[in-house]
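This is query14.pdb (PDB, C-alpha atoms, pLDDT in the B column).
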ATOM      1  CA  MET A 126      11.651 -12.925 -66.981  1.00 58.00           C
ATOM      2  CA  LEU A 127      12.942  -9.699 -68.499  1.00 52.00           C
ATOM      3  CA  GLN A 128      13.934  -9.409 -72.111  1.00 53.00           C
ATOM      4  CA  LYS A 129      15.118  -7.006 -74.778  1.00 51.00           C
ATOM      5  CA  PRO A 130      14.475  -4.656 -76.677  1.00 45.00           C
ATOM      6  CA  TYR A 131      15.860  -3.086 -73.523  1.00 38.00           C
ATOM      7  CA  ALA A 132      19.662  -3.080 -73.885  1.00 38.00           C
ATOM      8  CA  TRP A 133      21.563  -3.936 -70.738  1.00 36.00           C
ATOM      9  CA  SER A 134      24.390  -1.415 -70.436  1.00 36.00           C
ATOM     10  CA  ALA A 135      25.096  -1.098 -66.731  1.00 33.00           C
ATOM     11  CA  PRO A 136      21.514  -0.512 -65.571  1.00 35.00           C
ATOM     12  CA  ARG A 137      20.565  -0.484 -61.937  1.00 35.00           C
ATOM     13  CA  VAL A 138      19.489  -3.904 -60.745  1.00 39.00           C
ATOM     14  CA  ASP A 139      18.231  -4.088 -57.177  1.00 38.00           C
ATOM     15  CA  ILE A 140      18.669  -7.517 -55.609  1.00 35.00           C
ATOM     16  CA  TRP A 141      17.415  -8.093 -52.096  1.00 34.00           C
ATOM     17  CA  LEU A 142      19.526 -10.771 -50.418  1.00 33.00           C
ATOM     18  CA  ASN A 143      17.324 -12.148 -47.679  1.00 34.00           C
ATOM     19  CA  ASN A 144      20.183 -13.503 -45.590  1.00 33.00           C
ATOM     20  CA  GLY A 145      20.568 -10.687 -43.086  1.00 32.00           C
ATOM     21  CA  THR A 146      24.080  -9.791 -44.200  1.00 32.00           C
ATOM     22  CA  GLY A 147      23.834  -8.129 -47.598  1.00 36.00           C
ATOM     23  CA  ARG A 148      26.904 -10.138 -48.602  1.00 35.00           C
ATOM     24  CA  VAL A 149      27.412 -13.304 -50.567  1.00 36.00           C
ATOM     25  CA  HIS A 150      30.837 -14.944 -50.482  1.00 37.00           C
ATOM     26  CA  SER A 151      33.488 -12.240 -50.854  1.00 38.00           C
ATOM     27  CA  TRP A 152      31.741  -9.616 -52.973  1.00 41.00           C
ATOM     28  CA  ASN A 153      29.593  -6.617 -52.187  1.00 47.00           C
ATOM     29  CA  PRO A 154      26.587  -5.938 -54.412  1.00 47.00           C
ATOM     30  CA  LYS A 155      26.784  -2.640 -56.263  1.00 49.00           C
ATOM     31  CA  THR A 156      25.167   0.394 -54.704  1.00 47.00           C
ATOM     32  CA  ALA A 157      22.828   2.641 -56.647  1.00 43.00           C
ATOM     33  CA  ALA A 158      25.428   5.403 -56.648  1.00 46.00           C
ATOM     34  CA  THR A 159      27.923   3.287 -58.593  1.00 53.00           C
ATOM     35  CA  VAL A 160      25.604   2.150 -61.363  1.00 52.00           C
ATOM     36  CA  LYS A 161      24.134   4.131 -64.224  1.00 59.00           C
ATOM     37  CA  THR A 162      20.354   3.890 -63.959  1.00 56.00           C
ATOM     38  CA  ARG A 163      17.760   3.585 -66.668  1.00 59.00           C
ATOM     39  CA  ARG A 164      14.073   2.851 -66.394  1.00 60.00           C
ATOM     40  CA  PHE A 165      12.932  -0.602 -67.505  1.00 56.00           C
ATOM     41  CA  ASP A 166       9.517  -0.127 -69.066  1.00 60.00           C
ATOM     42  CA  HIS A 167       8.995  -3.307 -71.078  1.00 65.00           C
ATOM     43  CA  ALA A 168       6.735  -6.222 -70.264  1.00 69.00           C
ATOM     44  CA  VAL A 169       7.891  -8.760 -67.679  1.00 83.00           C
ATOM     45  CA  GLY A 170       7.133 -12.393 -68.485  1.00 90.00           C
ATOM     46  CA  MET A 171       6.666 -15.525 -66.381  1.00 94.00           C
ATOM     47  CA  GLU A 172       9.032 -18.502 -66.425  1.00 94.00           C
ATOM     48  CA  LEU A 173       6.650 -21.463 -66.232  1.00 95.00           C
ATOM     49  CA  TRP A 174       9.106 -23.511 -64.151  1.00 90.00           C
ATOM     50  CA  THR A 175       7.796 -21.472 -61.209  1.00 88.00           C
ATOM     51  CA  TYR A 176       4.400 -23.153 -61.613  1.00 94.00           C
ATOM     52  CA  ARG A 177       5.577 -26.557 -62.827  1.00 93.00           C
ATOM     53  CA  SER A 178       3.728 -28.604 -60.191  1.00 94.00           C
ATOM     54  CA  LEU A 179       0.433 -26.805 -60.723  1.00 96.00           C
ATOM     55  CA  LEU A 180       0.821 -26.868 -64.489  1.00 97.00           C
ATOM     56  CA  GLY A 181       1.306 -30.627 -64.363  1.00 95.00           C
ATOM     57  CA  LYS A 182      -2.021 -31.006 -62.567  1.00 96.00           C
ATOM     58  CA  ASP A 183      -4.110 -28.342 -64.317  1.00 98.00           C
ATOM     59  CA  THR A 184      -2.325 -26.701 -67.221  1.00 98.00           C
ATOM     60  CA  ALA A 185      -5.227 -24.639 -68.532  1.00 98.00           C
ATOM     61  CA  GLY A 186      -6.365 -23.437 -65.112  1.00 98.00           C
ATOM     62  CA  THR A 187      -2.853 -22.470 -64.059  1.00 97.00           C
ATOM     63  CA  LEU A 188      -2.319 -20.501 -67.273  1.00 98.00           C
ATOM     64  CA  ASP A 189      -5.571 -18.690 -66.488  1.00 97.00           C
ATOM     65  CA  GLN A 190      -4.182 -17.700 -63.097  1.00 96.00           C
ATOM     66  CA  ILE A 191      -0.899 -16.516 -64.628  1.00 96.00           C
ATOM     67  CA  ARG A 192      -2.835 -14.357 -67.084  1.00 96.00           C
ATOM     68  CA  LYS A 193      -4.999 -12.945 -64.269  1.00 95.00           C
ATOM     69  CA  LEU A 194      -1.810 -11.871 -62.490  1.00 93.00           C
ATOM     70  CA  GLY A 195      -1.180  -9.590 -65.453  1.00 92.00           C
ATOM     71  CA  PHE A 196       1.428 -11.569 -67.378  1.00 94.00           C
ATOM     72  CA  ARG A 197       1.148 -11.759 -71.152  1.00 95.00           C
ATOM     73  CA  ASP A 198       4.324 -13.608 -72.098  1.00 96.00           C
ATOM     74  CA  ILE A 199       5.946 -16.821 -70.866  1.00 96.00           C
ATOM     75  CA  GLU A 200       9.087 -18.907 -71.172  1.00 97.00           C
ATOM     76  CA  THR A 201       8.732 -22.674 -71.050  1.00 97.00           C
ATOM     77  CA  ALA A 202      10.768 -25.865 -71.020  1.00 97.00           C
ATOM     78  CA  SER A 203       7.741 -28.183 -71.217  1.00 97.00           C
ATOM     79  CA  PHE A 204       4.483 -28.559 -73.144  1.00 98.00           C
ATOM     80  CA  TYR A 205       2.857 -30.500 -70.290  1.00 97.00           C
ATOM     81  CA  GLY A 206       1.808 -33.559 -72.254  1.00 96.00           C
ATOM     82  CA  ARG A 207       0.985 -31.686 -75.443  1.00 97.00           C
ATOM     83  CA  THR A 208       2.736 -31.112 -78.730  1.00 98.00           C
ATOM     84  CA  ALA A 209       4.245 -27.701 -79.386  1.00 98.00           C
ATOM     85  CA  GLU A 210       1.333 -26.929 -81.720  1.00 98.00           C
ATOM     86  CA  GLU A 211      -1.255 -27.953 -79.107  1.00 98.00           C
ATOM     87  CA  PHE A 212       0.487 -25.979 -76.386  1.00 98.00           C
ATOM     88  CA  SER A 213       0.722 -22.939 -78.653  1.00 98.00           C
ATOM     89  CA  SER A 214      -3.016 -23.169 -79.328  1.00 98.00           C
ATOM     90  CA  LEU A 215      -3.705 -23.306 -75.586  1.00 98.00           C
ATOM     91  CA  LEU A 216      -1.531 -20.244 -74.999  1.00 98.00           C
ATOM     92  CA  ARG A 217      -3.478 -18.315 -77.633  1.00 98.00           C
ATOM     93  CA  GLN A 218      -6.740 -19.287 -75.930  1.00 98.00           C
ATOM     94  CA  LYS A 219      -5.350 -17.862 -72.678  1.00 97.00           C
ATOM     95  CA  GLU A 220      -4.099 -14.683 -74.428  1.00 97.00           C
ATOM     96  CA  LEU A 221      -0.472 -15.567 -73.707  1.00 97.00           C
ATOM     97  CA  THR A 222       2.572 -15.574 -75.958  1.00 97.00           C
ATOM     98  CA  CYS A 223       5.812 -17.537 -75.643  1.00 97.00           C
ATOM     99  CA  SER A 224       8.996 -15.643 -76.456  1.00 96.00           C
ATOM    100  CA  SER A 225      11.507 -18.242 -75.252  1.00 97.00           C
ATOM    101  CA  LEU A 226      11.792 -22.030 -75.394  1.00 98.00           C
ATOM    102  CA  ILE A 227      14.244 -23.947 -73.188  1.00 98.00           C
ATOM    103  CA  ALA A 228      15.529 -27.311 -74.446  1.00 98.00           C
ATOM    104  CA  GLU A 229      18.048 -29.829 -73.152  1.00 97.00           C
ATOM    105  CA  TYR A 230      21.662 -29.657 -74.358  1.00 98.00           C
ATOM    106  CA  ASP A 231      21.389 -33.176 -75.779  1.00 97.00           C
ATOM    107  CA  ARG A 232      18.334 -32.210 -77.803  1.00 98.00           C
ATOM    108  CA  PHE A 233      20.248 -29.352 -79.392  1.00 98.00           C
ATOM    109  CA  SER A 234      22.975 -31.886 -80.222  1.00 98.00           C
ATOM    110  CA  ASN A 235      20.695 -34.613 -81.555  1.00 98.00           C
ATOM    111  CA  ASP A 236      17.495 -32.898 -82.731  1.00 98.00           C
ATOM    112  CA  LEU A 237      18.237 -29.271 -83.550  1.00 98.00           C
ATOM    113  CA  SER A 238      15.641 -29.317 -86.335  1.00 98.00           C
ATOM    114  CA  GLY A 239      13.039 -30.412 -83.782  1.00 98.00           C
ATOM    115  CA  VAL A 240      13.948 -27.565 -81.428  1.00 98.00           C
ATOM    116  CA  ILE A 241      13.623 -25.102 -84.302  1.00 98.00           C
ATOM    117  CA  ARG A 242      10.295 -26.609 -85.357  1.00 98.00           C
ATOM    118  CA  ASP A 243       8.870 -26.352 -81.824  1.00 98.00           C
ATOM    119  CA  ALA A 244      10.117 -22.789 -81.391  1.00 98.00           C
ATOM    120  CA  LYS A 245       8.524 -21.707 -84.652  1.00 98.00           C
ATOM    121  CA  ALA A 246       5.241 -23.402 -83.671  1.00 98.00           C
ATOM    122  CA  LEU A 247       5.245 -21.395 -80.440  1.00 98.00           C
ATOM    123  CA  GLY A 248       6.201 -18.144 -82.116  1.00 98.00           C
ATOM    124  CA  ALA A 249       9.280 -17.981 -79.878  1.00 97.00           C
ATOM    125  CA  ARG A 250      12.228 -15.716 -80.656  1.00 97.00           C
ATOM    126  CA  TYR A 251      14.768 -17.396 -78.377  1.00 98.00           C
ATOM    127  CA  VAL A 252      15.870 -21.008 -77.958  1.00 98.00           C
ATOM    128  CA  ILE A 253      17.759 -21.573 -74.713  1.00 98.00           C
ATOM    129  CA  THR A 254      19.706 -24.366 -73.086  1.00 98.00           C
ATOM    130  CA  SER A 255      20.620 -24.345 -69.418  1.00 94.00           C
ATOM    131  CA  ASN A 256      23.360 -26.905 -68.898  1.00 94.00           C
ATOM    132  CA  ILE A 257      26.867 -27.799 -70.018  1.00 97.00           C
ATOM    133  CA  PRO A 258      27.648 -31.539 -69.807  1.00 95.00           C
ATOM    134  CA  HIS A 259      30.326 -32.171 -67.202  1.00 94.00           C
ATOM    135  CA  SER A 260      31.373 -34.742 -64.623  1.00 93.00           C
ATOM    136  CA  GLY A 261      32.254 -33.303 -61.250  1.00 90.00           C
ATOM    137  CA  GLU A 262      33.489 -29.716 -61.332  1.00 93.00           C
ATOM    138  CA  LEU A 263      33.227 -27.934 -64.675  1.00 95.00           C
ATOM    139  CA  THR A 264      36.510 -27.849 -66.609  1.00 96.00           C
ATOM    140  CA  ALA A 265      37.984 -25.583 -69.276  1.00 97.00           C
ATOM    141  CA  GLN A 266      37.689 -28.446 -71.767  1.00 97.00           C
ATOM    142  CA  ASP A 267      33.951 -28.683 -71.036  1.00 98.00           C
ATOM    143  CA  VAL A 268      33.588 -24.962 -71.717  1.00 98.00           C
ATOM    144  CA  HIS A 269      35.644 -25.010 -74.930  1.00 98.00           C
ATOM    145  CA  ALA A 270      33.433 -27.802 -76.300  1.00 98.00           C
ATOM    146  CA  ALA A 271      30.217 -26.060 -75.246  1.00 98.00           C
ATOM    147  CA  ALA A 272      31.283 -22.712 -76.720  1.00 98.00           C
ATOM    148  CA  ALA A 273      31.978 -24.356 -80.084  1.00 98.00           C
ATOM    149  CA  ASN A 274      28.542 -26.001 -80.013  1.00 98.00           C
ATOM    150  CA  PHE A 275      26.827 -22.789 -78.962  1.00 98.00           C
ATOM    151  CA  ASN A 276      28.361 -20.893 -81.889  1.00 98.00           C
ATOM    152  CA  ASN A 277      27.356 -23.668 -84.265  1.00 98.00           C
ATOM    153  CA  TRP A 278      23.782 -23.888 -82.986  1.00 98.00           C
ATOM    154  CA  GLY A 279      23.472 -20.116 -82.893  1.00 98.00           C
ATOM    155  CA  THR A 280      24.568 -19.834 -86.505  1.00 98.00           C
ATOM    156  CA  LYS A 281      22.041 -22.442 -87.610  1.00 98.00           C
ATOM    157  CA  VAL A 282      19.016 -21.164 -85.682  1.00 98.00           C
ATOM    158  CA  LYS A 283      19.650 -17.606 -86.852  1.00 98.00           C
ATOM    159  CA  GLU A 284      18.797 -18.784 -90.365  1.00 98.00           C
ATOM    160  CA  TYR A 285      15.264 -19.376 -89.035  1.00 98.00           C
ATOM    161  CA  GLY A 286      14.927 -16.006 -87.320  1.00 98.00           C
ATOM    162  CA  LEU A 287      15.806 -17.362 -83.864  1.00 98.00           C
ATOM    163  CA  LYS A 288      18.485 -16.445 -81.316  1.00 98.00           C
ATOM    164  CA  PHE A 289      20.322 -19.104 -79.326  1.00 98.00           C
ATOM    165  CA  GLY A 290      21.006 -18.437 -75.663  1.00 98.00           C
ATOM    166  CA  TYR A 291      22.538 -20.019 -72.590  1.00 98.00           C
ATOM    167  CA  HIS A 292      21.133 -19.869 -69.048  1.00 97.00           C
ATOM    168  CA  PRO A 293      23.933 -20.289 -66.457  1.00 96.00           C
ATOM    169  CA  HIS A 294      23.252 -22.153 -63.210  1.00 92.00           C
ATOM    170  CA  GLY A 295      26.173 -21.006 -61.091  1.00 90.00           C
ATOM    171  CA  PHE A 296      28.515 -23.942 -61.655  1.00 93.00           C
ATOM    172  CA  GLU A 297      30.221 -21.942 -64.415  1.00 96.00           C
ATOM    173  CA  PHE A 298      31.901 -19.622 -61.905  1.00 94.00           C
ATOM    174  CA  VAL A 299      34.866 -21.903 -61.320  1.00 93.00           C
ATOM    175  CA  HIS A 300      37.963 -19.722 -60.966  1.00 91.00           C
ATOM    176  CA  THR A 301      41.091 -20.218 -63.029  1.00 87.00           C
ATOM    177  CA  SER A 302      44.289 -18.267 -62.403  1.00 82.00           C
ATOM    178  CA  LYS A 303      42.972 -15.226 -64.297  1.00 87.00           C
ATOM    179  CA  GLU A 304      39.201 -15.479 -64.647  1.00 94.00           C
ATOM    180  CA  THR A 305      36.174 -17.713 -64.232  1.00 95.00           C
ATOM    181  CA  LEU A 306      35.077 -20.344 -66.706  1.00 97.00           C
ATOM    182  CA  PHE A 307      32.004 -18.224 -67.319  1.00 97.00           C
ATOM    183  CA  ASP A 308      34.336 -15.489 -68.586  1.00 97.00           C
ATOM    184  CA  VAL A 309      35.946 -18.047 -70.885  1.00 97.00           C
ATOM    185  CA  LEU A 310      32.502 -19.010 -72.198  1.00 98.00           C
ATOM    186  CA  MET A 311      31.700 -15.348 -72.836  1.00 97.00           C
ATOM    187  CA  LYS A 312      34.950 -14.764 -74.728  1.00 97.00           C
ATOM    188  CA  GLU A 313      34.658 -17.895 -76.874  1.00 98.00           C
ATOM    189  CA  THR A 314      31.044 -17.347 -77.979  1.00 98.00           C
ATOM    190  CA  ASP A 315      30.148 -15.002 -80.828  1.00 98.00           C
ATOM    191  CA  GLU A 316      27.708 -12.319 -79.715  1.00 97.00           C
ATOM    192  CA  LYS A 317      26.126 -12.327 -83.187  1.00 97.00           C
ATOM    193  CA  TYR A 318      24.896 -15.862 -82.576  1.00 98.00           C
ATOM    194  CA  VAL A 319      24.904 -16.452 -78.814  1.00 98.00           C
ATOM    195  CA  THR A 320      23.188 -14.484 -76.078  1.00 98.00           C
ATOM    196  CA  PHE A 321      22.820 -15.208 -72.357  1.00 97.00           C
ATOM    197  CA  GLU A 322      19.981 -15.333 -69.857  1.00 96.00           C
ATOM    198  CA  LEU A 323      21.176 -13.918 -66.552  1.00 95.00           C
ATOM    199  CA  ASP A 324      19.503 -15.517 -63.534  1.00 92.00           C
ATOM    200  CA  ALA A 325      20.093 -13.338 -60.475  1.00 92.00           C
ATOM    201  CA  PHE A 326      19.512 -16.271 -58.095  1.00 89.00           C
ATOM    202  CA  TRP A 327      21.983 -18.606 -59.777  1.00 87.00           C
ATOM    203  CA  PHE A 328      24.657 -15.949 -60.186  1.00 92.00           C
ATOM    204  CA  VAL A 329      24.449 -15.157 -56.473  1.00 90.00           C
ATOM    205  CA  HIS A 330      24.292 -18.872 -55.616  1.00 87.00           C
ATOM    206  CA  GLY A 331      27.513 -19.419 -57.566  1.00 89.00           C
ATOM    207  CA  GLY A 332      29.261 -16.503 -55.850  1.00 90.00           C
ATOM    208  CA  ALA A 333      29.012 -13.956 -58.685  1.00 92.00           C
ATOM    209  CA  ASP A 334      27.705 -10.393 -58.624  1.00 92.00           C
ATOM    210  CA  PRO A 335      25.011 -10.063 -61.343  1.00 93.00           C
ATOM    211  CA  VAL A 336      25.454  -6.306 -61.641  1.00 92.00           C
ATOM    212  CA  CYS A 337      29.203  -6.641 -62.178  1.00 94.00           C
ATOM    213  CA  TYR A 338      28.568  -9.039 -65.054  1.00 95.00           C
ATOM    214  CA  LEU A 339      25.955  -6.762 -66.614  1.00 93.00           C
ATOM    215  CA  GLU A 340      28.554  -4.008 -66.555  1.00 94.00           C
ATOM    216  CA  LYS A 341      31.399  -6.223 -67.725  1.00 95.00           C
ATOM    217  CA  TYR A 342      29.509  -7.660 -70.715  1.00 95.00           C
ATOM    218  CA  PRO A 343      27.036  -5.010 -71.908  1.00 93.00           C
ATOM    219  CA  GLY A 344      24.735  -6.234 -74.631  1.00 93.00           C
ATOM    220  CA  ARG A 345      25.376  -9.938 -73.990  1.00 96.00           C
ATOM    221  CA  PHE A 346      22.312 -10.575 -71.817  1.00 95.00           C
ATOM    222  CA  ASP A 347      19.075 -10.453 -73.824  1.00 94.00           C
ATOM    223  CA  LEU A 348      17.097 -12.207 -71.096  1.00 94.00           C
ATOM    224  CA  MET A 349      17.039 -12.129 -67.323  1.00 92.00           C
ATOM    225  CA  HIS A 350      15.441 -14.092 -64.485  1.00 90.00           C
ATOM    226  CA  LEU A 351      14.707 -12.449 -61.147  1.00 87.00           C
ATOM    227  CA  LYS A 352      13.819 -14.583 -58.146  1.00 81.00           C
ATOM    228  CA  ASP A 353      14.486 -14.469 -54.437  1.00 79.00           C
ATOM    229  CA  MET A 354      16.601 -16.645 -52.159  1.00 75.00           C
ATOM    230  CA  ALA A 355      15.369 -18.068 -48.875  1.00 75.00           C
ATOM    231  CA  LYS A 356      17.142 -16.923 -45.738  1.00 78.00           C
ATOM    232  CA  GLY A 357      19.860 -19.395 -44.780  1.00 76.00           C
ATOM    233  CA  THR A 358      20.267 -20.941 -48.246  1.00 75.00           C
ATOM    234  CA  THR A 359      23.705 -22.511 -48.613  1.00 72.00           C
ATOM    235  CA  THR A 360      25.463 -21.047 -51.650  1.00 71.00           C
ATOM    236  CA  ASP A 361      28.071 -22.860 -53.722  1.00 66.00           C
ATOM    237  CA  SER A 362      29.044 -23.564 -57.331  1.00 70.00           C
ATOM    238  CA  THR A 363      27.342 -26.960 -57.665  1.00 67.00           C
ATOM    239  CA  GLY A 364      24.451 -25.621 -59.718  1.00 64.00           C
ATOM    240  CA  ARG A 365      22.045 -27.242 -57.268  1.00 66.00           C
ATOM    241  CA  ALA A 366      19.986 -25.664 -54.516  1.00 62.00           C
ATOM    242  CA  PRO A 367      17.674 -27.245 -51.914  1.00 59.00           C
ATOM    243  CA  MET A 368      13.961 -27.040 -52.692  1.00 59.00           C
ATOM    244  CA  ARG A 369      11.796 -25.685 -49.899  1.00 56.00           C
ATOM    245  CA  GLN A 370       8.080 -26.219 -49.668  1.00 48.00           C
ATOM    246  CA  ALA A 371       5.928 -23.120 -49.185  1.00 43.00           C
TER
END

Written as structure tokens, how would this file's structure read?
Amino acid sequence: MLQKPYAWSAPRVDIWLNNGTGRVHSWNPKTAATVKTRRFDHAVGMELWTYRSLLGKDTAGTLDQIRKLGFRDIETASFYGRTAEEFSSLLRQKELTCSSLIAEYDRFSNDLSGVIRDAKALGARYVITSNIPHSGELTAQDVHAAAANFNNWGTKVKEYGLKFGYHPHGFEFVHTSKETLFDVLMKETDEKYVTFELDAFWFVHGGADPVCYLEKYPGRFDLMHLKDMAKGTTTDSTGRAPMRQA
């Protein structure tokens, strides 16, 4: 998990597509020669979803292993049977910090004060959601409603020193006659209150070029996930991918 203070303004992002073709859908990833490069020299964090099974069995021991790997900061969507305060205490024991908390869309709708309370207990700076309610393929109406909510939530959490963000999962790249619904979401959200967490896997899975979007919307991505894709993975805009056992 990469995060600001680094400002994304068309940096070089190298993405290795382990599918033997170097192509996904109809686009070609940018080459180094086409992208302005800048060194990223800030700390890289760990998204705890990567270790969710192990954390469910041995939370403390798994956090020890994450710290031994050299990570100092995490992002989490779960407290693994603890309260936010208890989980925060455990992180401090393991010399880890939490900069970003992920919560369900419905919780933002129904318990925004609880999300804020948990984020403050963790010392987080970002509160993120990673879904837009929809039935079947995402529609423009779904996006309009979500954008309005995002602006509202972002305005409210900013009062508490937090930044609201959205983590796309690929299903947002439905094409209209002029643009994708992700572009609509970008245009209808206020950058003062809403940031985005670019996930290289899910952008590629949904048929989008992550580097193109970093260039197209400089400054809109405060956070970034980098993870690989297994050879032969079927890509589509469903927002779902098959899980493979190691």

Can you tell me which residues surround segment 282-285 of chain A at a distance of at most 10 Å, considering all atoms listed in the file, apart from same-chain residues fewer than 3 positions away, and format the answer as a tab-separated table (two decimals) with C-alpha atoms, in the frame of the given file?
chain	number	residue	atom	x	y	z
A	237	LEU	CA	18.24	-29.27	-83.55
A	238	SER	CA	15.64	-29.32	-86.34
A	240	VAL	CA	13.95	-27.56	-81.43
A	241	ILE	CA	13.62	-25.10	-84.30
A	242	ARG	CA	10.30	-26.61	-85.36
A	244	ALA	CA	10.12	-22.79	-81.39
A	245	LYS	CA	8.52	-21.71	-84.65
A	250	ARG	CA	12.23	-15.72	-80.66
A	251	TYR	CA	14.77	-17.40	-78.38
A	252	VAL	CA	15.87	-21.01	-77.96
A	277	ASN	CA	27.36	-23.67	-84.26
A	278	TRP	CA	23.78	-23.89	-82.99
A	279	GLY	CA	23.47	-20.12	-82.89
A	288	LYS	CA	18.48	-16.44	-81.32
A	289	PHE	CA	20.32	-19.10	-79.33
A	317	LYS	CA	26.13	-12.33	-83.19
A	318	TYR	CA	24.90	-15.86	-82.58
A	319	VAL	CA	24.90	-16.45	-78.81

**Asked** For Asp334 of chain A, which residue among A:Tyr176, A:Phe298, A:Phe321, A:Phe204 is the nearest when counting all atoms listed in the file?
**Response**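 Smallest distance to Asp334 of chain A is found for A:Phe298.
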
**Long-range neighbours of segment 260-271 of chain A as a PyMOL selection string, 8 Å cut-off, all atoms listed in the file, 2 positions minimum in chain** = chain A and resi 257-258+273-275+296-297+299+306+309-310+313+363

Expansion of the PyMOL selection byres ((chain A and resi 175) around 12) into residues, as a short mmCIF file (atom, residue, chain, number, x, y, z; two decimals) with C-alpha atoms, keeping the file's coordinate frame:
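The file below, selection35.cif, is the result:
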data_model
loop_
_atom_site.label_atom_id
_atom_site.label_comp_id
_atom_site.auth_asym_id
_atom_site.auth_seq_id
_atom_site.Cartn_x
_atom_site.Cartn_y
_atom_site.Cartn_z
CA MET A 126 11.65 -12.92 -66.98
CA GLY A 170 7.13 -12.39 -68.48
CA MET A 171 6.67 -15.52 -66.38
CA GLU A 172 9.03 -18.50 -66.42
CA LEU A 173 6.65 -21.46 -66.23
CA TRP A 174 9.11 -23.51 -64.15
CA TYR A 176 4.40 -23.15 -61.61
CA ARG A 177 5.58 -26.56 -62.83
CA SER A 178 3.73 -28.60 -60.19
CA LEU A 179 0.43 -26.80 -60.72
CA LEU A 180 0.82 -26.87 -64.49
CA GLY A 181 1.31 -30.63 -64.36
CA THR A 187 -2.85 -22.47 -64.06
CA LEU A 188 -2.32 -20.50 -67.27
CA ILE A 191 -0.90 -16.52 -64.63
CA ILE A 199 5.95 -16.82 -70.87
CA GLU A 200 9.09 -18.91 -71.17
CA THR A 201 8.73 -22.67 -71.05
CA ALA A 202 10.77 -25.86 -71.02
CA HIS A 350 15.44 -14.09 -64.48
CA LEU A 351 14.71 -12.45 -61.15
CA LYS A 352 13.82 -14.58 -58.15
CA ASP A 353 14.49 -14.47 -54.44
CA MET A 368 13.96 -27.04 -52.69
#

**Item:** One-decimal distance in Å that lies between atom CA of Arg207 of chain A and atom CA of Gly286 of chain A
**Value:** 24.1 Å

Go ahead and fit an axis-aligned box to every listed atom of segment 286-289 of chain A plus 4 Å each side, and pass me the centre and edge lengths in Å, one decimal, as JSON.
{"center_x": 17.6, "center_y": -17.6, "center_z": -83.3, "size_x": 13.4, "size_y": 11.1, "size_z": 16.0}
